[in-house]
Each structure stands twice: as structure tokens, then as C-alpha cells.
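Raw contents of structure_7.cif, mmCIF, C-alpha atoms:
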data_data
loop_
_atom_site.label_atom_id
_atom_site.label_comp_id
_atom_site.auth_asym_id
_atom_site.auth_seq_id
_atom_site.Cartn_x
_atom_site.Cartn_y
_atom_site.Cartn_z
CA MET A 1 -19.18 26.10 -3.17
CA GLU A 2 -22.03 25.20 -5.42
CA ASP A 3 -22.90 21.55 -5.01
CA LYS A 4 -23.35 20.42 -8.56
CA ARG A 5 -22.03 17.49 -10.46
CA TYR A 6 -18.95 18.05 -12.52
CA GLU A 7 -19.79 18.31 -16.19
CA MET A 8 -19.78 14.73 -17.43
CA ASN A 9 -21.07 15.20 -20.97
CA THR A 10 -17.76 14.17 -22.55
CA VAL A 11 -16.98 11.17 -20.36
CA PRO A 12 -18.66 7.83 -19.64
CA ALA A 13 -21.15 7.64 -16.79
CA MET A 14 -19.35 6.85 -13.55
CA ARG A 15 -20.38 3.89 -11.44
CA TYR A 16 -19.07 1.61 -8.76
CA PRO A 17 -16.79 -1.29 -9.61
CA ASP A 18 -18.79 -4.31 -10.75
CA GLY A 19 -19.03 -7.37 -8.53
CA GLN A 20 -16.02 -9.22 -9.93
CA VAL A 21 -13.78 -6.17 -9.77
CA SER A 22 -14.89 -5.36 -6.23
CA GLN A 23 -14.12 -8.92 -5.14
CA THR A 24 -10.81 -8.80 -7.02
CA ILE A 25 -9.83 -5.70 -5.03
CA GLY A 26 -10.64 -7.61 -1.84
CA LEU A 27 -8.31 -10.44 -2.86
CA LEU A 28 -5.68 -8.00 -4.13
CA ARG A 29 -5.43 -6.37 -0.73
CA TRP A 30 -4.27 -9.66 0.78
CA VAL A 31 -1.86 -10.35 -2.08
CA LEU A 32 -0.36 -6.89 -1.83
CA MET A 33 -0.19 -7.15 1.95
CA GLY A 34 1.87 -10.30 1.54
CA LEU A 35 4.24 -8.41 -0.76
CA VAL A 36 4.58 -5.59 1.81
CA VAL A 37 5.47 -8.09 4.55
CA LEU A 38 8.05 -9.69 2.24
CA ILE A 39 9.65 -6.26 1.88
CA HIS A 40 9.87 -5.88 5.65
CA THR A 41 11.44 -9.30 6.28
CA ASN A 42 14.60 -8.35 4.36
CA LEU A 43 17.49 -10.01 6.21
CA THR A 44 20.24 -8.00 4.51
CA LEU A 45 19.44 -5.05 6.78
CA ASP A 46 20.67 -7.00 9.82
CA THR A 47 23.40 -9.06 8.18
CA GLY A 48 24.87 -6.91 5.40
CA TYR A 49 24.67 -9.84 2.98
CA ALA A 50 23.41 -7.65 0.12
CA GLU A 51 26.15 -8.91 -2.23
CA SER A 52 25.33 -12.58 -1.67
CA ALA A 53 23.18 -14.80 -3.87
CA TYR A 54 20.36 -14.09 -1.43
CA GLY A 55 20.80 -10.37 -2.01
CA GLU A 56 20.70 -10.92 -5.77
CA VAL A 57 17.43 -12.83 -5.44
CA LEU A 58 16.00 -9.90 -3.47
CA ARG A 59 17.16 -7.44 -6.13
CA TRP A 60 15.35 -9.29 -8.90
CA GLY A 61 12.41 -10.13 -6.64
CA GLY A 62 11.96 -6.42 -6.09
CA ASN A 63 10.34 -6.27 -9.52
CA VAL A 64 7.42 -8.16 -7.97
CA VAL A 65 7.24 -7.11 -4.32
CA TRP A 66 7.53 -3.39 -5.06
CA LEU A 67 4.35 -3.55 -7.15
CA ALA A 68 2.44 -3.33 -3.87
CA ASN A 69 3.00 0.36 -3.22
CA PRO A 70 1.95 1.82 -6.59
CA LEU A 71 -1.03 -0.51 -6.86
CA PHE A 72 -2.27 0.56 -3.43
CA PHE A 73 -2.25 4.20 -4.58
CA LEU A 74 -3.94 3.32 -7.87
CA ILE A 75 -6.73 1.40 -6.12
CA SER A 76 -7.16 4.29 -3.69
CA GLY A 77 -7.59 6.81 -6.50
CA TYR A 78 -9.91 4.52 -8.43
CA LEU A 79 -12.24 4.04 -5.48
CA PHE A 80 -12.06 7.55 -4.05
CA VAL A 81 -13.94 9.03 -7.01
CA ALA A 82 -16.53 6.22 -6.99
CA ALA A 83 -20.01 7.60 -6.34
CA GLU A 84 -23.46 6.42 -7.31
CA ASN A 85 -24.49 9.69 -8.93
CA GLY A 86 -21.12 11.05 -9.97
CA PHE A 87 -18.23 12.74 -8.17
CA THR A 88 -19.49 16.05 -6.75
CA TRP A 89 -18.25 18.55 -4.19
CA SER A 90 -20.79 17.11 -1.78
CA VAL A 91 -19.44 13.60 -2.38
CA PHE A 92 -15.88 14.85 -1.89
CA LYS A 93 -16.70 16.55 1.41
CA THR A 94 -18.61 13.49 2.63
CA LYS A 95 -15.72 11.20 1.76
CA CYS A 96 -13.23 13.47 3.53
CA LYS A 97 -15.35 13.39 6.69
CA ARG A 98 -15.62 9.63 6.48
CA ARG A 99 -11.88 9.25 5.93
CA ALA A 100 -11.28 11.19 9.12
CA ARG A 101 -12.87 8.20 10.87
CA THR A 102 -11.49 5.38 8.74
CA TRP A 103 -8.02 6.79 7.95
CA LEU A 104 -6.99 9.56 10.34
CA LEU A 105 -8.18 8.12 13.66
CA PRO A 106 -6.71 4.63 13.04
CA TYR A 107 -3.49 6.35 11.93
CA LEU A 108 -3.30 8.27 15.22
CA LEU A 109 -4.25 5.22 17.30
CA TRP A 110 -1.63 2.96 15.74
CA ASN A 111 1.17 5.50 16.06
CA THR A 112 0.23 6.04 19.71
CA ILE A 113 0.38 2.28 20.30
CA PHE A 114 3.80 2.08 18.63
CA LEU A 115 5.04 5.07 20.61
CA LEU A 116 4.13 3.27 23.84
CA PHE A 117 5.57 -0.01 22.52
CA TYR A 118 8.90 1.61 21.68
CA GLY A 119 8.83 3.28 25.08
CA ILE A 120 8.70 -0.16 26.72
CA ILE A 121 11.39 -1.54 24.38
CA GLY A 122 13.60 1.46 25.08
CA TRP A 123 13.27 0.87 28.80
CA LEU A 124 14.08 -2.87 28.53
CA MET A 125 16.54 -2.90 25.58
CA PRO A 126 17.57 0.65 24.63
CA SER A 127 20.20 -0.58 22.17
CA SER A 128 17.53 -2.12 19.92
CA LEU A 129 15.66 1.11 19.12
CA GLY A 130 17.81 2.16 16.18
CA GLU A 131 16.91 5.65 14.94
CA VAL A 132 13.98 6.03 17.36
CA PRO A 133 15.16 7.78 20.58
CA PRO A 134 14.07 6.41 23.98
CA ILE A 135 10.73 7.87 24.95
CA GLN A 136 12.16 9.27 28.19
CA GLU A 137 14.55 11.37 26.08
CA MET A 138 11.89 12.64 23.69
CA GLY A 139 10.82 16.25 23.73
CA VAL A 140 7.53 17.59 22.41
CA ALA A 141 9.02 17.91 18.90
CA ASP A 142 10.15 14.26 18.93
CA ILE A 143 6.72 13.07 20.04
CA LEU A 144 5.04 15.09 17.28
CA LYS A 145 7.53 13.70 14.75
CA SER A 146 6.59 10.20 15.90
CA TYR A 147 3.20 10.75 14.30
CA CYS A 148 4.65 11.95 11.03
CA CYS A 149 8.36 11.67 10.23
CA ILE A 150 10.56 10.31 13.02
CA ARG A 151 12.19 7.71 10.77
CA GLY A 152 14.37 8.77 7.85
CA GLU A 153 14.65 12.21 6.28
CA GLY A 154 12.55 14.35 3.97
CA PHE A 155 10.20 12.54 1.60
CA ASN A 156 11.69 9.21 2.66
CA SER A 157 10.67 9.69 6.29
CA SER A 158 8.08 7.59 8.10
CA PRO A 159 6.03 7.80 11.31
CA ILE A 160 6.96 5.60 14.25
CA ASP A 161 4.62 2.89 12.87
CA GLU A 162 6.75 2.76 9.76
CA PRO A 163 4.38 1.21 7.15
CA LEU A 164 1.83 3.95 7.84
CA TRP A 165 3.83 6.38 5.70
CA PHE A 166 1.49 5.15 2.97
CA LEU A 167 -1.59 6.33 4.82
CA ARG A 168 0.08 9.63 5.78
CA ASP A 169 0.85 10.37 2.13
CA LEU A 170 -2.54 9.11 0.96
CA MET A 171 -4.42 11.45 3.30
CA VAL A 172 -2.54 14.42 1.84
CA ILE A 173 -2.89 13.28 -1.77
CA ALA A 174 -6.63 12.61 -1.46
CA LEU A 175 -7.28 16.22 -0.42
CA PHE A 176 -6.51 17.30 -3.99
CA THR A 177 -8.79 14.77 -5.67
CA PRO A 178 -11.06 17.46 -7.20
CA LEU A 179 -8.02 18.83 -9.03
CA TYR A 180 -7.00 15.41 -10.35
CA PHE A 181 -10.59 14.74 -11.36
CA ARG A 182 -10.87 17.98 -13.33
CA VAL A 183 -7.66 17.11 -15.16
CA VAL A 184 -8.47 13.50 -16.04
CA LYS A 185 -12.10 14.11 -17.07
CA TRP A 186 -10.98 16.60 -19.74
CA HIS A 187 -10.00 13.96 -22.30
CA LYS A 188 -8.57 10.47 -22.56
CA ALA A 189 -5.30 12.12 -23.56
CA SER A 190 -5.02 13.43 -19.99
CA LEU A 191 -3.34 10.08 -19.30
CA ILE A 192 -0.12 11.84 -20.29
CA VAL A 193 -0.24 13.88 -17.04
CA PRO A 194 0.29 10.99 -14.58
CA ILE A 195 2.79 9.45 -16.99
CA ALA A 196 4.78 12.70 -17.04
CA LEU A 197 4.68 12.92 -13.24
CA ALA A 198 5.91 9.35 -12.85
CA ALA A 199 8.70 9.88 -15.41
CA ILE A 200 10.41 12.81 -13.66
CA PRO A 201 14.13 11.93 -13.93
CA TYR A 202 14.96 12.35 -10.23
CA PRO A 203 11.69 11.80 -8.41
CA LEU A 204 11.25 12.61 -4.75
CA GLY A 205 8.80 9.75 -4.57
CA PHE A 206 5.75 11.81 -3.70
CA GLU A 207 5.01 12.76 -7.31
CA ALA A 208 5.05 9.08 -8.28
CA GLU A 209 2.40 8.45 -5.61
CA VAL A 210 0.30 11.30 -6.99
CA ALA A 211 0.75 9.84 -10.47
CA MET A 212 -0.63 6.46 -9.41
CA PHE A 213 -3.54 7.99 -7.49
CA MET A 214 -4.37 10.17 -10.50
CA LEU A 215 -4.10 7.15 -12.79
CA GLY A 216 -6.67 5.42 -10.61
CA CYS A 217 -8.99 8.42 -11.07
CA TRP A 218 -8.38 8.28 -14.84
CA LEU A 219 -9.25 4.59 -14.98
CA HIS A 220 -12.51 5.18 -13.11
CA VAL A 221 -13.52 7.94 -15.51
CA TRP A 222 -12.55 6.27 -18.77
CA LEU A 223 -12.66 2.57 -17.85
CA PRO A 224 -15.31 2.44 -15.12
CA SER A 225 -15.69 -1.32 -15.61
CA LEU A 226 -12.22 -2.74 -15.16
CA SER A 227 -13.53 -6.21 -16.02
CA GLU A 228 -13.10 -5.32 -19.69
CA LEU A 229 -9.42 -4.67 -19.07
CA LEU A 230 -8.80 -7.59 -16.72
CA ARG A 231 -10.35 -10.07 -19.14
CA LYS A 232 -7.69 -9.35 -21.74
CA PRO A 233 -5.03 -12.07 -22.13
CA LEU A 234 -1.69 -11.85 -20.36
CA TRP A 235 0.25 -11.80 -23.63
CA LEU A 236 -0.50 -8.06 -23.71
CA PRO A 237 1.10 -6.86 -20.42
CA LEU A 238 3.41 -9.78 -19.53
CA PRO A 239 6.11 -9.24 -22.22
CA ILE A 240 6.17 -5.52 -21.41
CA TYR A 241 6.55 -6.27 -17.70
CA ILE A 242 9.40 -8.74 -18.29
CA ALA A 243 11.24 -6.37 -20.65
CA ALA A 244 10.84 -3.36 -18.34
CA SER A 245 11.98 -5.42 -15.33
CA LEU A 246 15.12 -6.44 -17.17
CA LEU A 247 15.86 -2.86 -18.21
CA VAL A 248 15.33 -1.56 -14.67
CA THR A 249 17.31 -4.30 -12.91
CA VAL A 250 20.35 -4.58 -15.20
CA PRO A 251 22.21 -1.24 -14.99
CA ALA A 252 24.43 -1.87 -17.99
CA ILE A 253 21.67 -1.88 -20.60
CA ARG A 254 19.82 1.37 -19.95
CA PRO A 255 20.68 5.03 -19.32
CA GLU A 256 20.17 6.28 -15.79
CA TRP A 257 17.73 9.02 -16.83
CA SER A 258 15.30 6.39 -18.12
CA VAL A 259 14.88 4.63 -14.75
CA PRO A 260 11.73 6.50 -13.57
CA LEU A 261 9.89 5.96 -16.87
CA LEU A 262 10.93 2.32 -17.11
CA THR A 263 9.92 1.79 -13.48
CA PHE A 264 6.51 3.30 -14.20
CA ILE A 265 6.08 1.00 -17.23
CA ARG A 266 7.20 -2.00 -15.18
CA ASN A 267 4.81 -1.14 -12.36
CA LEU A 268 1.89 -0.48 -14.67
CA SER A 269 2.28 -3.69 -16.67
CA GLY A 270 3.11 -5.71 -13.54
CA MET A 271 0.03 -4.42 -11.74
CA TRP A 272 -2.04 -5.45 -14.75
CA VAL A 273 -0.58 -8.97 -14.55
CA VAL A 274 -1.20 -9.30 -10.78
CA ALA A 275 -4.74 -7.90 -11.03
CA HIS A 276 -5.50 -10.21 -13.98
CA LEU A 277 -4.40 -13.27 -12.04
CA CYS A 278 -6.47 -12.24 -9.01
CA TYR A 279 -9.46 -11.54 -11.27
CA ARG A 280 -9.22 -15.01 -12.80
CA PHE A 281 -8.93 -16.56 -9.35
CA VAL A 282 -12.06 -14.74 -8.19
CA LEU A 283 -13.98 -15.98 -11.24
CA ARG A 284 -13.01 -19.55 -10.33
CA HIS A 285 -14.21 -19.10 -6.73
CA PRO A 286 -17.47 -17.17 -7.11
CA SER A 287 -18.89 -18.30 -3.76
CA THR A 288 -16.10 -16.68 -1.71
CA ASP A 289 -16.65 -13.16 -0.38
CA TRP A 290 -13.12 -11.78 -0.70
CA ARG A 291 -14.20 -8.36 0.54
CA ALA A 292 -15.30 -9.80 3.87
CA ILE A 293 -12.16 -11.93 4.16
CA ALA A 294 -10.07 -8.78 3.68
CA LYS A 295 -11.44 -7.08 6.82
CA PRO A 296 -8.27 -7.78 8.93
CA VAL A 297 -5.90 -6.50 6.23
CA PHE A 298 -5.38 -2.99 7.56
CA PHE A 299 -4.83 -4.30 11.09
CA VAL A 300 -2.15 -6.67 9.75
CA PHE A 301 -0.65 -3.84 7.71
CA ALA A 302 -0.36 -1.57 10.73
CA PHE A 303 0.73 -4.24 13.25
CA HIS A 304 3.11 -6.51 11.32
CA ARG A 305 6.22 -4.35 11.75
CA ILE A 306 6.43 -5.39 15.40
CA ALA A 307 6.57 -9.03 14.38
CA THR A 308 8.92 -8.61 11.41
CA ARG A 309 11.55 -6.68 13.37
CA ILE A 310 11.66 -9.27 16.14
CA LEU A 311 11.75 -12.18 13.70
CA THR A 312 14.41 -10.70 11.42
CA LYS A 313 16.64 -9.69 14.33
CA LEU A 314 16.55 -13.16 15.90
CA SER A 315 16.82 -15.12 12.65
CA ALA A 316 19.65 -12.91 11.30
CA GLN A 317 21.75 -13.53 14.42
CA TRP A 318 21.15 -17.28 14.20
CA LEU A 319 21.86 -17.49 10.46
CA VAL A 320 25.14 -15.59 10.76
CA ALA A 321 26.26 -17.53 13.83
CA HIS A 322 25.72 -20.86 12.07
CA GLY A 323 27.14 -19.82 8.69
CA ILE A 324 23.94 -20.58 6.80
CA GLY A 325 24.05 -20.03 3.04
CA SER A 326 21.76 -18.10 0.72
CA VAL A 327 19.21 -20.91 0.42
CA GLY A 328 18.78 -20.87 4.18
CA PHE A 329 18.46 -17.08 4.13
CA LEU A 330 15.73 -17.28 1.51
CA ALA A 331 13.88 -19.98 3.46
CA ALA A 332 14.13 -17.89 6.64
CA HIS A 333 12.87 -14.84 4.74
CA LEU A 334 9.74 -16.66 3.56
CA LEU A 335 9.21 -18.27 6.97
CA ASN A 336 9.50 -14.90 8.72
CA ALA A 337 6.92 -13.37 6.38
CA SER A 338 4.48 -16.20 7.02
CA LEU A 339 5.00 -16.04 10.78
CA ALA A 340 4.60 -12.25 10.80
CA ILE A 341 1.25 -12.48 9.03
CA GLY A 342 0.16 -15.30 11.33
CA LEU A 343 1.14 -13.39 14.48
CA SER A 344 -0.60 -10.26 13.20
CA LEU A 345 -3.78 -12.22 12.55
CA LEU A 346 -3.54 -13.74 16.02
CA ALA A 347 -3.24 -10.24 17.51
CA TYR A 348 -6.23 -9.13 15.44
CA HIS A 349 -8.44 -11.95 16.72
CA LEU A 350 -7.31 -11.43 20.32
CA VAL A 351 -8.14 -7.73 20.20
CA ARG A 352 -11.46 -8.50 18.51
CA ILE A 353 -12.36 -10.86 21.38
CA VAL A 354 -11.15 -8.61 24.20
CA ALA A 355 -12.18 -5.20 22.83
CA PRO A 356 -14.35 -5.40 19.69
CA PRO A 357 -14.93 -1.61 19.38
CA LEU A 358 -11.17 -0.95 19.61
CA CYS A 359 -10.51 -3.65 17.02
CA ARG A 360 -12.93 -1.97 14.63
CA TRP A 361 -11.26 1.39 15.07
CA LEU A 362 -7.82 -0.13 14.56
CA SER A 363 -9.05 -1.94 11.45
CA GLY A 364 -10.54 1.18 9.88
CA PHE A 365 -14.15 0.26 10.67
CA PRO A 366 -15.78 2.62 13.19
CA PRO A 367 -18.10 0.75 15.61
CA ASP A 368 -21.20 2.06 13.86
CA ARG A 369 -20.03 1.00 10.41
CA LEU A 370 -19.10 -2.59 9.61
CA SER A 371 -18.78 -2.34 5.85
CA VAL A 372 -15.51 -3.45 4.30
CA THR A 373 -13.36 -0.34 4.02
CA SER A 374 -9.99 -0.03 2.49
CA LEU A 375 -6.44 -0.28 3.34
CA PRO A 376 -2.79 -0.01 2.35
CA ILE A 377 -5.03 -0.67 1.62
CA ARG A 378 -8.56 -0.54 2.99
CA SER A 379 -11.10 -0.51 0.20
CA GLU A 380 -14.74 0.02 0.75
CA THR A 381 -17.47 -1.99 -0.84
CA ASN A 382 -19.93 0.63 -1.96
CA ASP A 383 -19.46 4.29 -1.11
CA ASN A 384 -16.21 4.14 0.79
CA SER A 385 -12.72 4.05 -0.63
CA GLU A 386 -9.62 2.19 0.16
CA CYS A 387 -6.47 1.95 1.71
CA PRO A 388 -2.31 0.27 2.47
CA LYS A 389 4.13 2.13 0.94
CA GLY A 390 5.23 -0.86 2.39
CA GLY A 391 5.65 1.72 3.31
CA GLY A 392 -0.17 1.84 1.17
CA GLN A 393 -3.26 -0.02 2.52
#
Final C-alpha cells representation of the file:
Amino acid sequence: MEDKRYEMNTVPAMRYPDGQVSQTIGLLRWVLMGLVVLIHTNLTLDTGYAESAYGEVLRWGGNVVWLANPLFFLISGYLFVAAENGFTWSVFKTKCKRRARTWLLPYLLWNTIFLLFYGIIGWLMPSSLGEVPPIQEMGVADILKSYCCIRGEGFNSSPIDEPLWFLRDLMVIALFTPLYFRVVKWHKASLIVPIALAAIPYPLGFEAEVAMFMLGCWLHVWLPSLSELLRKPLWLPLPIYIAASLLVTVPAIRPEWSVPLLTFIRNLSGMWVVAHLCYRFVLRHPSTDWRAIAKPVFFVFAFHRIATRILTKLSAQWLVAHGIGSVGFLAAHLLNASLAIGLSLLAYHLVRIVAPPLCRWLSGFPPDRLSVTSLPIRSETNDNSECPKGGGQ
């Protein structure tokens, strides 16, 4: 294909995120990672206490914690089209090659590690595996599914390292970036395309991910400096976020068909609020390099499920045995999330000491490249992109 820049005569000149926005993304990756871990320390899965006061807190808290997934996709789309001299076919091919090193290889490594881990668990405690069959009973098809869709069914499936469904979906979505880019660069009114995708009445989930990735591309084309948006006061998005959260969470006051659109509005306004708060925090701490601090984020994202499953299993049994109420459940939930992050960071530092090259591969940083990449979330400082669904990045 001819390597020429897409026609940009009708759109603003594209450029990298400015310093404050780049640092804000670094901080956001940690904030969103915390939200993902909170999702995975849900104690109702092991206790069935969904109808308790604790379950009600989780239902309303979902309006906050579930902002992590769409914002990861939006950041990924925003950064994927970032290029010093514009988004070209050459840039696209270069980024795809780089993502093979910073996305695909870590994805394969982590799923291999989890496959071996579950093999050991299945040998010691086969009853604790859940939907994952013991490795000694796996055929070739089961092993291949471990790297893609061994958990769940259809679009709700996950690889054996469950949170990496985000990266699996992101790798597929990113392959069509030239198409999204051609759509969004046409006119500002192209914003209606991701909105329409996100508002499909009975979404499979995948189209909502595409919508957020495409929205990130749109923002980079039409609002290349997000500082202008993040400086705006919270009285703009906050009332919308609160109203949409109420409409989504209280079934009696909205028709069922409106749920996808209201969820999209809630996520969009909520992401604006979270990003605004992080942006303000970065401005108040200008000497901190949040991009560098975010280097362990993808490792934590990929590893933490080991810690959260152990912690939730043990704490759920203890809480039920001792008849602890909802306040105790909530305290245990927050404690488990904190411990899971701490244990994941400990594992990161141990691997970095024992095998630095392996640690870099597992963190999304090949040994010959130490720049801050993305998640869920790995986001790159200059020419790279991002990445963490709680399941990104």
C-alpha cells in the first residue's frame, strides 16, 4: 500500500498528548487498576450474599468501578493513533509490529504461567479449579482455549489468566484502527458512530469496546490536547454522571431498551470526572513522574487474579463461619483489594530482582526498550500506545 499520510486538511494537526495529559494517563492507569482489583475481590461470588446490604453497596458502587474497562479502551484508542507526523500506513504497521512485542508476547507468557499454576493447583486441590479442567485432563483443544476462551461462553469468555480478556479483545480491535481513523477524521459529526455502536439495545459487549476505542481515536483527531477538556469544571460532567447512574441502577425509573445508551452516557461522564480529578492531582504534584511510577501496572493487572482468588476464598469462608455482617464484608473487600495489589507488587519486585529480562517481558517492556508502555492498560510515553476488562490495561 502506498505509504502516505491520510488527508488531514479538514482536521487539526495530530500530536502527542501534552505533558500534563501524559502524566495524567500514567496516574489513571493506577487508579483504574485499583478499580479492576475491586471488581475481582467481590465476596458475593463465594458467599451468595448478593441480596444483603453489602451486595447493594456493590451494585451502586458498580457505577464507579466499572468505569475502568471503557476508559482503558478509550485511552488505548487515543494513544494508538498518536504519531509525530500523523497516522500513516507506515505508522500503523510499525505499531502493530511493536505491539507484537509489548502486547502479544506478554499475553502468551502470562497465560502459560497461569496454565502451569492451575496445573499445580489441580494436582494439589482439584476441587478449587472451578470451570478450568485439571491440566492432566486437558486435550489440545482445551490447552488452546486456555490462551483465548476457556472461561465463560461466547463474547463473555476469558483466557485462563482471566483479566487478560481485555488485551485479547484490544489486539483484535486495534487491527482495524485504519478503518476507525478514516471514519472519525471525516467530520466532527462522526462522533455519532461510536455513540450508535455503544447504544445497541442488546450489546454483545464487543461493539461497546469498539465504540470506546473509536471514541479515543475521535478525541485524538478533534481534541488532540485533552488539557482543554480536563480543565473544565466538574459541574459539567458530574450532574450528568449522577443522573445517568441513578437511571441505570434503579430499574423502576427507566425502560430496559435505554440501558445501553444510559450506560454509555454514565461511563462517558464518569470517565470525564475521574480523568479531571487525576489531572488536577497531577497539576498539584508536578515533580512526580507518574509515567515511570506506572511501570508495574501491567504486571499487577496480569498477576493479581492469583492473589484475589486466594484471598476471597479464605475470607469468604471465615466471614460466613463467624456470621459477620455487611460492614465486615465491606471491610474485608477493601482489605483484600489492598492486599492483592501489595502481593502483586511484591511478586513484581521479586521477579525484577531474580530475572530482570523476564520481568520486562511480563510488564510489556522488551529488554531492549525501557520506555513506559501501556496497559489494561499499558500506555507508552511517546510513540507507543497503551494498555489494561477487568476483564483492559
A:Ser315, A:Ser227, A:Thr112, A:Thr263 ranked by distance to A:Ala275, top pick (using all atoms listed in the file): A:Ser227
Selection result of the PyMOL selection byres ((chain A and resi 249) around 12) on this file, as a list in words: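 For this structure, the PyMOL selection byres ((chain A and resi 249) around 12) captures Glu56, Val57, Leu58, Arg59, Trp60, Gly61, Gly62, Asn63, Val64, Tyr241, Ile242, Ala243, Ala244, Ser245, Leu246, Leu247, Val248, Val250, Pro251, Ala252, Ile253, Arg254, Pro255, Glu256, Val259, Leu262, Thr263 and Arg266 of chain A.
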Explicit residue set for the PyMOL selection byres ((chain A and resi 309) around 12), as a PyMOL selection string: chain A and resi 37+39-43+45-46+128-130+161-162+303-308+310-316+333+336-337+339-340
Spatial neighbours of A:Phe213, 8 Å, only C-alpha atoms, chain gap at least 2 places, as number ranges by chain: A: 73-78, 173, 209-211, 215-217
Given only C-alpha atoms as the counted atoms, nearest of A:Leu28, A:Leu104, A:Ile120, A:Ala53 to A:Gly325: A:Ala53
Output check: residues returned by the PyMOL selection byres ((chain A and resi 282) around 12), as a PyMOL selection string: chain A and resi 19-28+227+230+275-281+283-291
Point (11.7, 3.7, 9.7) neighbourhood (8 Å, only C-alpha atoms) written as an NGL selection string: :A and (131 or 150-152 or 157-162)
Let's have the selection written as a compact mmCIF listing (two decimals), in the frame of the given file, with C-alpha atoms.
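The file below, selection01.txt, is the result:
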# COMPACT_ATOMS: atom_id res chain seq x y z
CA GLU A 131 16.91 5.65 14.94
CA ILE A 150 10.56 10.31 13.02
CA ARG A 151 12.19 7.71 10.77
CA GLY A 152 14.37 8.77 7.85
CA SER A 157 10.67 9.69 6.29
CA SER A 158 8.08 7.59 8.10
CA PRO A 159 6.03 7.80 11.31
CA ILE A 160 6.96 5.60 14.25
CA ASP A 161 4.62 2.89 12.87
CA GLU A 162 6.75 2.76 9.76
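Here atom CA of A:Leu229 stands at a distance of 29.1 Å from atom CA of A:Val172.
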Please provide the set of residues having any atom within 9 Å of A:Ser269, restricted to all atoms listed in the file, with same-chain residues fewer than 5 positions apart removed, written as a PDB file with C-alpha atoms, in the coordinates of the input.
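File produced: around.pdb:
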ATOM      1  CA  LEU A 236      -0.500  -8.060 -23.710  1.00  0.00           C
ATOM      2  CA  PRO A 237       1.100  -6.860 -20.420  1.00  0.00           C
ATOM      3  CA  LEU A 238       3.410  -9.780 -19.530  1.00  0.00           C
ATOM      4  CA  PRO A 239       6.110  -9.240 -22.220  1.00  0.00           C
ATOM      5  CA  ILE A 240       6.170  -5.520 -21.410  1.00  0.00           C
ATOM      6  CA  TYR A 241       6.550  -6.270 -17.700  1.00  0.00           C
ATOM      7  CA  ILE A 242       9.400  -8.740 -18.290  1.00  0.00           C
ATOM      8  CA  ALA A 244      10.840  -3.360 -18.340  1.00  0.00           C
ATOM      9  CA  PHE A 264       6.510   3.300 -14.200  1.00  0.00           C
ATOM     10  CA  VAL A 274      -1.200  -9.300 -10.780  1.00  0.00           C
TER      11      VAL A 274
END
Would you list the contacts of stretch 350-354 of chain A as a compact mmCIF listing (two decimals) with C-alpha atoms, in the frame of the given file, taking every protein, DNA or RNA residue within 12 Å and counting only C-alpha atoms, but skipping same-chain residues closer than 6 positions in sequence?
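Final output, around_22.txt:
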# COMPACT_ATOMS: atom_id res chain seq x y z
CA LYS A 295 -11.44 -7.08 6.82
CA PRO A 296 -8.27 -7.78 8.93
CA PHE A 299 -4.83 -4.30 11.09
CA PHE A 303 0.73 -4.24 13.25
CA LEU A 343 1.14 -13.39 14.48
CA SER A 344 -0.60 -10.26 13.20
CA ARG A 360 -12.93 -1.97 14.63
CA TRP A 361 -11.26 1.39 15.07
CA LEU A 362 -7.82 -0.13 14.56
CA SER A 363 -9.05 -1.94 11.45
CA PRO A 367 -18.10 0.75 15.61
12 Å contact set for A:Leu144, all atoms listed in the file, chain neighbours under 3 positions out, as a ChimeraX atom specification: /A:108,111-112,115,135,138-141,147-150,159-160
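As for atom CA of A:Phe301 and atom CA of A:Trp30, they are spaced 9.7 Å apart.
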Between atom CA of A:Leu330 and atom CA of A:Val300 - distance in Å to one decimal: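 Result for atom CA of A:Val300 versus atom CA of A:Leu330: 22.4 Å, one decimal.
Proximity of A:Leu219, A:Ala198, A:Leu179, A:Ala302 to A:Trp103, computed with all atoms listed in the file, is greatest for A:Ala302.
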Among listed residues A:Gly55, A:Pro106, A:Pro163, A:Pro233, nearest A:Gly364 (using all atoms listed in the file): A:Pro106
Residue nearest A:Leu319 among A:His187, A:Met171, A:Leu35, A:Tyr49 (counting only C-alpha atoms):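 Among the listed residues, A:Tyr49 lies closest to A:Leu319.
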Subset file: stretch 175-215 of chain A, C-alpha atoms, as a compact mmCIF listing (two decimals), in the first residue's frame:
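The result, stored in decode_15.txt:
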# COMPACT_ATOMS: atom_id res chain seq x y z
CA LEU A 175 -6.10 -4.24 13.85
CA PHE A 176 -8.96 -2.19 12.40
CA THR A 177 -7.63 1.20 13.53
CA PRO A 178 -7.20 2.50 9.94
CA LEU A 179 -10.93 1.96 9.41
CA TYR A 180 -11.87 3.80 12.62
CA PHE A 181 -9.46 6.58 11.72
CA ARG A 182 -10.97 7.06 8.26
CA VAL A 183 -14.42 7.29 9.82
CA VAL A 184 -13.61 9.72 12.63
CA LYS A 185 -11.42 12.06 10.55
CA TRP A 186 -14.30 12.71 8.14
CA HIS A 187 -16.06 15.25 10.36
CA LYS A 188 -16.71 16.06 14.00
CA ALA A 189 -20.20 14.66 13.46
CA SER A 190 -18.62 11.21 13.12
CA LEU A 191 -18.94 11.10 16.92
CA ILE A 192 -22.40 9.67 16.27
CA VAL A 193 -20.82 6.39 15.04
CA PRO A 194 -19.30 5.27 18.38
CA ILE A 195 -22.39 6.55 20.18
CA ALA A 196 -24.60 4.41 17.93
CA LEU A 197 -22.38 1.37 18.49
CA ALA A 198 -22.48 1.80 22.26
CA ALA A 199 -26.28 2.27 22.25
CA ILE A 200 -27.18 -1.03 20.56
CA PRO A 201 -30.13 -2.29 22.65
CA TYR A 202 -28.75 -5.77 23.34
CA PRO A 203 -24.99 -5.43 23.04
CA LEU A 204 -22.70 -8.42 22.91
CA GLY A 205 -20.11 -6.30 24.66
CA PHE A 206 -17.56 -6.29 21.87
CA GLU A 207 -19.21 -3.43 19.99
CA ALA A 208 -19.12 -1.31 23.15
CA GLU A 209 -15.36 -1.91 23.32
CA VAL A 210 -15.00 -0.86 19.68
CA ALA A 211 -17.09 2.23 20.45
CA MET A 212 -14.76 3.31 23.24
CA PHE A 213 -11.62 2.63 21.20
CA MET A 214 -13.08 4.60 18.30
CA LEU A 215 -14.06 7.41 20.66
